[in-house]
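J.: Encoded as structure tokens, here's the structure I'll be asking about.
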Amino acid sequence: MPSNKSVSDAPIVQFTNCRILRSHQLQREDLWVREGKILNPEKLFFEEKGSADIQLDCKDCIIAPGFIDVQINGGFGVDFSLATDDFKSGIDMVSQKILSHGVTSFCPTLVTSPPAVYHQVLPQISIRNGGAHGAGILGAHLEGPFISKEKKGAHPENCLRTFEAGAFQDLLATYGSLDCVRIVTLAPEMKRSSEVIQELTKRGICVSLGHSVANLSQAEDAVQHGATFITHLFNAMLPFHHRDPGIVGLLTSDKIPAGRRVFYGMISDGIHTNPAALRIAHRAHPKGLVLVTDAIAGMGLASGRHTLGQQVVEIDGLNTYIAGTKTLSGSVATMDACVRHFQEATGCSVEIALEAASLHPAQLLGIEHKKGTLNYDSDADFLMLNDDLYVQATYIAGEEVWKQDAKGM
């Protein structure tokens with residue numbers, strides 16, 4: 001008979017024999033969960049006189065918050081920038097399959113596309129909680145089309161747009177709706193971008209700077225108007241120069257408004273960013289680093305030709321190029337692999353590597369009160385990992401949604 005009937009009928013699960021990531025440290029203590037939330041055991045003991053209904057031995061594994069991927073273009077043959085009749089089943093499949101890589105929440109990302117694609121796809125993306133059906137959807141990340149022609153990367157030039165007299169109205173007409181939008185990547189050097197940044201920020205949408213030839217003062221101006229993120233640092237922006245460090249200079253800028261933090265995405269796949277560049281960024285601004293996969297439809301598939309929005313891409317091992325060129329086009333890396341590579345490349349602690357994929361993206365999106373930590377009353381979205389940071393099990397709202405096969409690693 002459960003001993004906590006006075007407060008709730010829901011069973012209390014106690015995860016024992018584990019090291020949990022809390023307050024930036026791995027701590028040898030138990031994790032208590034009830035009704036999808038992390039429970040404070042002291043309140044349970046002293047106020048409710050309750051105890052655990054179920055105890056689970058975690059066999060000395062690490063328990064860390066679930067990973068949050070704020071830039072993922074697709075995977076497993078599904079491309080979020082393609083308007084297909086079965087778009088919903090595609091997004092459902094990706095959300096299911098990324099559970100095995102520790103992702104419990106994500107922002108499906110659309111690359112530069114024609115307005116018709118946004119109008120067709122965005123109404124099919126709904127913000128939803130995760131569960132056995134797959135990782136939760138936090139809202140869409142729209143990367144483009146208001147970006148620089150010179151730094152378009154893998155984005156189709158014929159679909160790029162600028163802000164005309166209407167500015168924010170132009171953006172609304174292009175996207176059709178902002179109901180499910182969480183992040184917009186734009187180039188801040190574009191005329192009228194400041195008013196667009198202000199309007200987006202006012203609506204609670206995170207503005208990210210990327211695919212841009214902005215100098216540092218243009219980037220600082222964008223931050224002063226509300227921008228808080230940099231899309232895949234170093235990629236598709238002016239290279240760092242000592243007299244004008246460009247967007248990269250935001251990592252150590254003294255013009256960031258008080259109380260604000262600029263975050264930056266890093267594709268830690270061993271291809272998009274040299275390990276030395278990864279170390280420079282991390283040492284310059286460790287608390288702003290957000291690991292992203294920037295994964296494309298080819299993630300989880302064999303080498304060959306796949307799509308990225310309007311383009312055909314070629315996958316050769318871990319390299320992904322626009323077909324027939326050497327232009328990098330997203331990655332095929334998984335989030336758990338990015339975490340392991342980041343730790344290896346920087347020599348940082350396990351705690352720092354895990355927080356770059358959980359706490360930092362949650363802080364970027366302003367949801368750290370419920371995601372990205374194992375604090376009391378947070379959502380019980382967490383992972384069990386071995387010491388080499390391979391995911392052993394994934395939990396969402398306290399329920400196991402994926403487990404490593406015993407025959408596996």
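Each chain of the structure tokens is named A, B, ... in the order shown, its residues numbered from 1; ligands are numbered from 1 in display order.
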Considering only C-alpha atoms, give me a table of residues in region 146-203 of chain A that are at most 10 Å from region 306-311 of chain A, with the closest atom pair and distance in Å for each, as a Markdown table.
T.:
| residue | atom | partner | partner_atom | distance |
| --- | --- | --- | --- | --- |
| A:Ala154 | CA | A:Gln311 | CA | 7.6 |
| A:His155 | CA | A:Gln311 | CA | 7.8 |
| A:Pro156 | CA | A:Gln310 | CA | 6.7 |
| A:Cys159 | CA | A:Gln310 | CA | 9.2 |
J.: With all heavy atoms kept, could you save the residues just selected as a PDB file, in the first residue's frame?
T.:
ATOM      1  N   ALA A 154      24.747  26.325 -47.083  1.00  0.00           N
ATOM      2  CA  ALA A 154      23.959  25.355 -47.848  1.00  0.00           C
ATOM      3  C   ALA A 154      22.544  25.849 -48.147  1.00  0.00           C
ATOM      4  O   ALA A 154      21.705  25.084 -48.597  1.00  0.00           O
ATOM      5  CB  ALA A 154      23.896  24.041 -47.072  1.00  0.00           C
ATOM      6  N   HIS A 155      22.269  27.134 -47.894  1.00  0.00           N
ATOM      7  CA  HIS A 155      20.913  27.659 -48.131  1.00  0.00           C
ATOM      8  C   HIS A 155      20.761  28.097 -49.590  1.00  0.00           C
ATOM      9  O   HIS A 155      21.669  28.717 -50.156  1.00  0.00           O
ATOM     10  CB  HIS A 155      20.630  28.845 -47.197  1.00  0.00           C
ATOM     11  CG  HIS A 155      20.537  28.453 -45.760  1.00  0.00           C
ATOM     12  ND1 HIS A 155      19.421  28.714 -44.990  1.00  0.00           N
ATOM     13  CD2 HIS A 155      21.396  27.807 -44.944  1.00  0.00           C
ATOM     14  CE1 HIS A 155      19.610  28.246 -43.770  1.00  0.00           C
ATOM     15  NE2 HIS A 155      20.811  27.691 -43.723  1.00  0.00           N
ATOM     16  N   PRO A 156      19.616  27.810 -50.217  1.00  0.00           N
ATOM     17  CA  PRO A 156      19.433  28.147 -51.640  1.00  0.00           C
ATOM     18  C   PRO A 156      19.321  29.656 -51.868  1.00  0.00           C
ATOM     19  O   PRO A 156      18.449  30.307 -51.288  1.00  0.00           O
ATOM     20  CB  PRO A 156      18.127  27.437 -52.010  1.00  0.00           C
ATOM     21  CG  PRO A 156      17.401  27.271 -50.712  1.00  0.00           C
ATOM     22  CD  PRO A 156      18.445  27.143 -49.652  1.00  0.00           C
ATOM     23  N   CYS A 159      16.050  31.625 -52.749  1.00  0.00           N
ATOM     24  CA  CYS A 159      14.986  31.765 -51.735  1.00  0.00           C
ATOM     25  C   CYS A 159      15.322  32.809 -50.659  1.00  0.00           C
ATOM     26  O   CYS A 159      14.510  33.066 -49.772  1.00  0.00           O
ATOM     27  CB  CYS A 159      14.728  30.425 -51.040  1.00  0.00           C
ATOM     28  SG  CYS A 159      14.106  29.153 -52.147  1.00  0.00           S
TER      29      CYS A 159
END
J.: Using DSSP assignments from the backbone, pull out every residue in region 230-380 of chain A that falls under strand (DSSP E) and give it to me as number ranges by chain.
T.: A: 230, 263-267, 289-292, 304-308, 311-316, 319-322
J.: Using only C-alpha atoms, which residue out of A:Lys202, A:Val391, A:Gly139, A:His341 lies closest to Cys61 (chain A)?
T.: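 Of all the options, A:Val391 lies closest to Cys61 (chain A).
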J.: Mind running region 230-261 of chain A against region 356-374 of chain A at 12 Å and telling me each contacting residue's nearest atom pair with the distance in Å (one decimal), counting only C-alpha atoms, chain and number ascending, as CSV?
T.:
residue,atom,partner,partner_atom,distance
A:Ile230,CA,A:Leu364,CA,10.7
A:Arg260,CA,A:Leu364,CA,10.5
A:Arg261,CA,A:Leu364,CA,8.5
J.: Can you work out the spacing between CA of Arg340 (chain A) and CA of Met266 (chain A) in Å, to one decimal?
T.: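 Separation between CA of Arg340 (chain A) and CA of Met266 (chain A): 13.3 Å.
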J.: Could you pull the residues within 12 Å of Val401 (chain A), counting only C-alpha atoms, minus those fewer than 2 positions along the same chain, as a PyMOL selection string?
T.: chain A and resi 66+95-104+130-136+380-384+392-399+403-404
J.: Filtering to N, CA, C and O atoms, could you give me those residues as a short mmCIF file (atom, residue, chain, number, x, y, z; two decimals), in the first residue's frame?
T.:
data_model
loop_
_atom_site.label_atom_id
_atom_site.label_comp_id
_atom_site.auth_asym_id
_atom_site.auth_seq_id
_atom_site.Cartn_x
_atom_site.Cartn_y
_atom_site.Cartn_z
N GLY A 66 17.92 15.46 -19.50
CA GLY A 66 17.79 15.11 -20.91
C GLY A 66 18.39 16.19 -21.79
O GLY A 66 18.37 17.38 -21.44
N SER A 95 11.35 12.31 -33.70
CA SER A 95 11.26 12.54 -32.25
C SER A 95 11.39 11.22 -31.49
O SER A 95 11.93 11.18 -30.39
N GLN A 96 10.92 10.13 -32.11
CA GLN A 96 11.05 8.82 -31.48
C GLN A 96 12.50 8.32 -31.51
O GLN A 96 13.04 7.86 -30.50
N LYS A 97 13.13 8.47 -32.66
CA LYS A 97 14.47 7.88 -32.83
C LYS A 97 15.56 8.64 -32.08
O LYS A 97 16.59 8.06 -31.72
N ILE A 98 15.37 9.95 -31.85
CA ILE A 98 16.44 10.68 -31.13
C ILE A 98 16.44 10.39 -29.64
O ILE A 98 17.39 10.74 -28.94
N LEU A 99 15.42 9.69 -29.15
CA LEU A 99 15.42 9.29 -27.73
C LEU A 99 16.65 8.46 -27.39
O LEU A 99 17.22 8.57 -26.31
N SER A 100 17.08 7.61 -28.34
CA SER A 100 18.22 6.72 -28.07
C SER A 100 19.52 7.51 -27.98
O SER A 100 20.53 6.99 -27.50
N HIS A 101 19.50 8.75 -28.44
CA HIS A 101 20.69 9.61 -28.36
C HIS A 101 20.57 10.62 -27.22
O HIS A 101 21.35 11.57 -27.13
N GLY A 102 19.58 10.42 -26.36
CA GLY A 102 19.47 11.25 -25.15
C GLY A 102 18.70 12.55 -25.32
O GLY A 102 18.62 13.33 -24.39
N VAL A 103 18.13 12.78 -26.51
CA VAL A 103 17.40 14.04 -26.72
C VAL A 103 15.97 13.86 -26.22
O VAL A 103 15.23 12.98 -26.68
N THR A 104 15.58 14.71 -25.24
CA THR A 104 14.23 14.63 -24.68
C THR A 104 13.35 15.80 -25.14
O THR A 104 12.13 15.76 -24.96
N GLY A 130 7.01 15.62 -24.42
CA GLY A 130 7.56 14.34 -24.84
C GLY A 130 6.91 13.20 -24.07
O GLY A 130 6.12 13.40 -23.16
N GLY A 131 7.23 11.99 -24.49
CA GLY A 131 6.71 10.80 -23.83
C GLY A 131 7.19 9.57 -24.58
O GLY A 131 8.14 9.65 -25.37
N ALA A 132 6.50 8.46 -24.39
CA ALA A 132 6.88 7.23 -25.08
C ALA A 132 6.84 7.41 -26.59
O ALA A 132 7.54 6.74 -27.34
N HIS A 133 6.00 8.36 -27.06
CA HIS A 133 5.89 8.62 -28.51
C HIS A 133 7.12 9.33 -29.06
O HIS A 133 7.34 9.33 -30.26
N GLY A 134 7.90 9.99 -28.18
CA GLY A 134 9.10 10.67 -28.67
C GLY A 134 9.45 11.90 -27.87
O GLY A 134 8.76 12.26 -26.89
N ALA A 135 10.53 12.56 -28.27
CA ALA A 135 11.01 13.77 -27.58
C ALA A 135 9.98 14.89 -27.73
O ALA A 135 9.25 14.96 -28.72
N GLY A 136 9.94 15.78 -26.74
CA GLY A 136 9.02 16.91 -26.78
C GLY A 136 9.44 17.93 -27.83
O GLY A 136 10.63 18.07 -28.15
N ALA A 380 10.79 15.57 -14.90
CA ALA A 380 11.70 14.43 -14.73
C ALA A 380 12.11 13.86 -16.09
O ALA A 380 11.82 12.71 -16.43
N ASP A 381 12.77 14.71 -16.89
CA ASP A 381 13.33 14.29 -18.18
C ASP A 381 14.82 14.06 -17.93
O ASP A 381 15.56 15.03 -17.69
N PHE A 382 15.27 12.83 -17.96
CA PHE A 382 16.67 12.58 -17.62
C PHE A 382 17.20 11.35 -18.31
O PHE A 382 16.45 10.56 -18.90
N LEU A 383 18.52 11.22 -18.25
CA LEU A 383 19.23 10.12 -18.91
C LEU A 383 20.03 9.34 -17.90
O LEU A 383 20.52 9.90 -16.92
N MET A 384 20.19 8.06 -18.18
CA MET A 384 21.20 7.27 -17.47
C MET A 384 22.34 7.06 -18.46
O MET A 384 22.10 6.66 -19.61
N GLN A 392 22.38 4.96 -21.66
CA GLN A 392 21.89 3.63 -21.31
C GLN A 392 20.36 3.58 -21.27
O GLN A 392 19.75 2.56 -21.56
N ALA A 393 19.76 4.69 -20.87
CA ALA A 393 18.29 4.77 -20.81
C ALA A 393 17.88 6.23 -20.84
O ALA A 393 18.62 7.12 -20.39
N THR A 394 16.69 6.48 -21.39
CA THR A 394 16.14 7.83 -21.49
C THR A 394 14.77 7.84 -20.82
O THR A 394 13.94 6.95 -21.07
N TYR A 395 14.55 8.85 -19.98
CA TYR A 395 13.28 9.00 -19.26
C TYR A 395 12.66 10.35 -19.60
O TYR A 395 13.36 11.36 -19.67
N ILE A 396 11.36 10.36 -19.79
CA ILE A 396 10.62 11.62 -19.96
C ILE A 396 9.45 11.59 -18.98
O ILE A 396 8.72 10.59 -18.90
N ALA A 397 9.31 12.67 -18.23
CA ALA A 397 8.26 12.77 -17.19
C ALA A 397 8.30 11.54 -16.28
O ALA A 397 7.27 11.02 -15.85
N GLY A 398 9.51 11.08 -15.97
CA GLY A 398 9.69 9.98 -15.03
C GLY A 398 9.45 8.59 -15.59
O GLY A 398 9.61 7.60 -14.88
N GLU A 399 9.07 8.51 -16.89
CA GLU A 399 8.80 7.20 -17.50
C GLU A 399 9.95 6.81 -18.44
O GLU A 399 10.41 7.66 -19.21
N LYS A 403 15.59 2.26 -23.80
CA LYS A 403 16.60 1.57 -23.01
C LYS A 403 17.58 0.87 -23.92
O LYS A 403 17.16 0.27 -24.93
N GLN A 404 18.85 0.94 -23.58
CA GLN A 404 19.89 0.25 -24.36
C GLN A 404 19.68 -1.26 -24.28
O GLN A 404 19.51 -1.81 -23.19
#
J.: Leaving out Ala214 (chain A) and any residue of its chain fewer than 3 positions from it, which residues lie within 12 Å of it when counting only C-alpha atoms, given as a PyMOL selection string?
T.: chain A and resi 147-148+150-151+186-191+193+209-211+217-222+230+236-240+244-250
J.: Next, the residues of the selection above should be written as an mmCIF file, in the first residue's frame with N, CA and C atoms.
T.:
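New file selection.cif:
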data_model
loop_
_atom_site.group_PDB
_atom_site.id
_atom_site.type_symbol
_atom_site.label_atom_id
_atom_site.label_comp_id
_atom_site.auth_asym_id
_atom_site.auth_seq_id
_atom_site.Cartn_x
_atom_site.Cartn_y
_atom_site.Cartn_z
ATOM 1 N N ILE A 147 18.900 36.083 -44.486
ATOM 2 C CA ILE A 147 20.329 35.891 -44.192
ATOM 3 C C ILE A 147 21.172 36.427 -45.351
ATOM 4 N N SER A 148 22.482 36.431 -45.146
ATOM 5 C CA SER A 148 23.412 37.019 -46.112
ATOM 6 C C SER A 148 23.683 36.085 -47.293
ATOM 7 N N GLU A 150 26.331 36.237 -49.113
ATOM 8 C CA GLU A 150 27.756 35.849 -49.070
ATOM 9 C C GLU A 150 28.004 34.671 -48.131
ATOM 10 N N LYS A 151 27.162 34.542 -47.113
ATOM 11 C CA LYS A 151 27.370 33.488 -46.109
ATOM 12 C C LYS A 151 26.176 32.542 -46.075
ATOM 13 N N LEU A 186 18.713 35.176 -38.186
ATOM 14 C CA LEU A 186 18.784 36.193 -39.240
ATOM 15 C C LEU A 186 20.157 36.861 -39.234
ATOM 16 N N ALA A 187 20.421 37.615 -40.312
ATOM 17 C CA ALA A 187 21.691 38.351 -40.426
ATOM 18 C C ALA A 187 21.454 39.781 -39.938
ATOM 19 N N PRO A 188 22.137 40.206 -38.872
ATOM 20 C CA PRO A 188 21.818 41.499 -38.260
ATOM 21 C C PRO A 188 22.275 42.717 -39.060
ATOM 22 N N GLU A 189 23.115 42.511 -40.086
ATOM 23 C CA GLU A 189 23.564 43.662 -40.883
ATOM 24 C C GLU A 189 22.490 44.106 -41.874
ATOM 25 N N MET A 190 21.436 43.329 -42.016
ATOM 26 C CA MET A 190 20.364 43.691 -42.951
ATOM 27 C C MET A 190 19.641 44.944 -42.480
ATOM 28 N N LYS A 191 19.295 45.790 -43.429
ATOM 29 C CA LYS A 191 18.518 46.991 -43.092
ATOM 30 C C LYS A 191 17.221 46.585 -42.410
ATOM 31 N N SER A 193 16.741 45.291 -39.634
ATOM 32 C CA SER A 193 16.745 44.079 -38.795
ATOM 33 C C SER A 193 16.489 44.425 -37.325
ATOM 34 N N LEU A 209 21.767 35.135 -34.324
ATOM 35 C CA LEU A 209 22.535 35.782 -35.386
ATOM 36 C C LEU A 209 23.339 34.720 -36.120
ATOM 37 N N GLY A 210 23.236 34.707 -37.448
ATOM 38 C CA GLY A 210 23.974 33.703 -38.191
ATOM 39 C C GLY A 210 23.851 33.882 -39.684
ATOM 40 N N HIS A 211 24.648 33.125 -40.439
ATOM 41 C CA HIS A 211 24.710 33.249 -41.901
ATOM 42 C C HIS A 211 24.826 34.735 -42.243
ATOM 43 N N SER A 217 30.180 45.684 -34.211
ATOM 44 C CA SER A 217 29.240 46.690 -33.714
ATOM 45 C C SER A 217 27.820 46.396 -34.188
ATOM 46 N N GLN A 218 27.667 45.832 -35.390
ATOM 47 C CA GLN A 218 26.326 45.440 -35.851
ATOM 48 C C GLN A 218 25.773 44.294 -34.998
ATOM 49 N N ALA A 219 26.660 43.373 -34.635
ATOM 50 C CA ALA A 219 26.244 42.252 -33.785
ATOM 51 C C ALA A 219 25.866 42.758 -32.389
ATOM 52 N N GLU A 220 26.659 43.676 -31.845
ATOM 53 C CA GLU A 220 26.352 44.236 -30.522
ATOM 54 C C GLU A 220 25.035 44.994 -30.535
ATOM 55 N N ASP A 221 24.785 45.721 -31.629
ATOM 56 C CA ASP A 221 23.531 46.458 -31.767
ATOM 57 C C ASP A 221 22.352 45.478 -31.752
ATOM 58 N N ALA A 222 22.516 44.347 -32.426
ATOM 59 C CA ALA A 222 21.456 43.328 -32.464
ATOM 60 C C ALA A 222 21.181 42.781 -31.062
ATOM 61 N N ILE A 230 23.777 32.862 -31.067
ATOM 62 C CA ILE A 230 24.573 32.860 -32.297
ATOM 63 C C ILE A 230 24.435 31.465 -32.897
ATOM 64 N N ALA A 236 29.624 29.948 -41.333
ATOM 65 C CA ALA A 236 28.765 30.898 -42.065
ATOM 66 C C ALA A 236 28.764 32.288 -41.429
ATOM 67 N N MET A 237 29.943 32.767 -41.065
ATOM 68 C CA MET A 237 30.101 34.153 -40.583
ATOM 69 C C MET A 237 31.514 34.598 -40.906
ATOM 70 N N LEU A 238 31.769 35.903 -40.770
ATOM 71 C CA LEU A 238 33.127 36.394 -41.046
ATOM 72 C C LEU A 238 34.101 35.737 -40.089
ATOM 73 N N PRO A 239 35.272 35.337 -40.583
ATOM 74 C CA PRO A 239 36.254 34.753 -39.655
ATOM 75 C C PRO A 239 36.727 35.801 -38.655
ATOM 76 N N PHE A 240 37.167 35.348 -37.500
ATOM 77 C CA PHE A 240 37.681 36.254 -36.463
ATOM 78 C C PHE A 240 38.859 37.053 -37.015
ATOM 79 N N ASP A 244 38.543 43.595 -36.181
ATOM 80 C CA ASP A 244 37.082 43.501 -36.091
ATOM 81 C C ASP A 244 36.718 42.027 -36.002
ATOM 82 N N PRO A 245 36.479 41.559 -34.782
ATOM 83 C CA PRO A 245 36.243 40.120 -34.599
ATOM 84 C C PRO A 245 34.882 39.630 -35.092
ATOM 85 N N GLY A 246 34.025 40.541 -35.607
ATOM 86 C CA GLY A 246 32.729 40.109 -36.128
ATOM 87 C C GLY A 246 31.848 39.520 -35.043
ATOM 88 N N ILE A 247 30.925 38.666 -35.444
ATOM 89 C CA ILE A 247 29.980 38.070 -34.486
ATOM 90 C C ILE A 247 30.713 37.292 -33.397
ATOM 91 N N VAL A 248 31.837 36.667 -33.752
ATOM 92 C CA VAL A 248 32.614 35.895 -32.765
ATOM 93 C C VAL A 248 32.997 36.774 -31.568
ATOM 94 N N GLY A 249 33.197 38.070 -31.821
ATOM 95 C CA GLY A 249 33.588 39.000 -30.757
ATOM 96 C C GLY A 249 32.554 39.146 -29.652
ATOM 97 N N LEU A 250 31.313 38.735 -29.911
ATOM 98 C CA LEU A 250 30.283 38.825 -28.862
ATOM 99 C C LEU A 250 30.637 37.986 -27.639
#
J.: For the helix (DSSP H, G or I) assignment from backbone DSSP, which residues of region 151-356 of chain A qualify? Please present them as a PyMOL selection string.
T.: chain A and resi 157-159+168-175+193-202+216-224+246-252+275-284+286-288+335-346+350-355
J.: Neighbours of Ser81 (chain A) within 10 Å (only C-alpha atoms; same-chain residues fewer than 2 positions away dropped), as a list in words?
T.: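 Residues near the query, excluding close chain neighbours: Asn73, Gly74, Val78, Asp79, Ala83, Thr84, Phe87, Pro108, Thr109, Leu110, Val111, Thr112, Ser113, Pro114, Val117, Tyr118, Val121, Leu122, Leu142, Ile296, Ala297, Thr307, Leu308, Gly309 and Gln310 of chain A.
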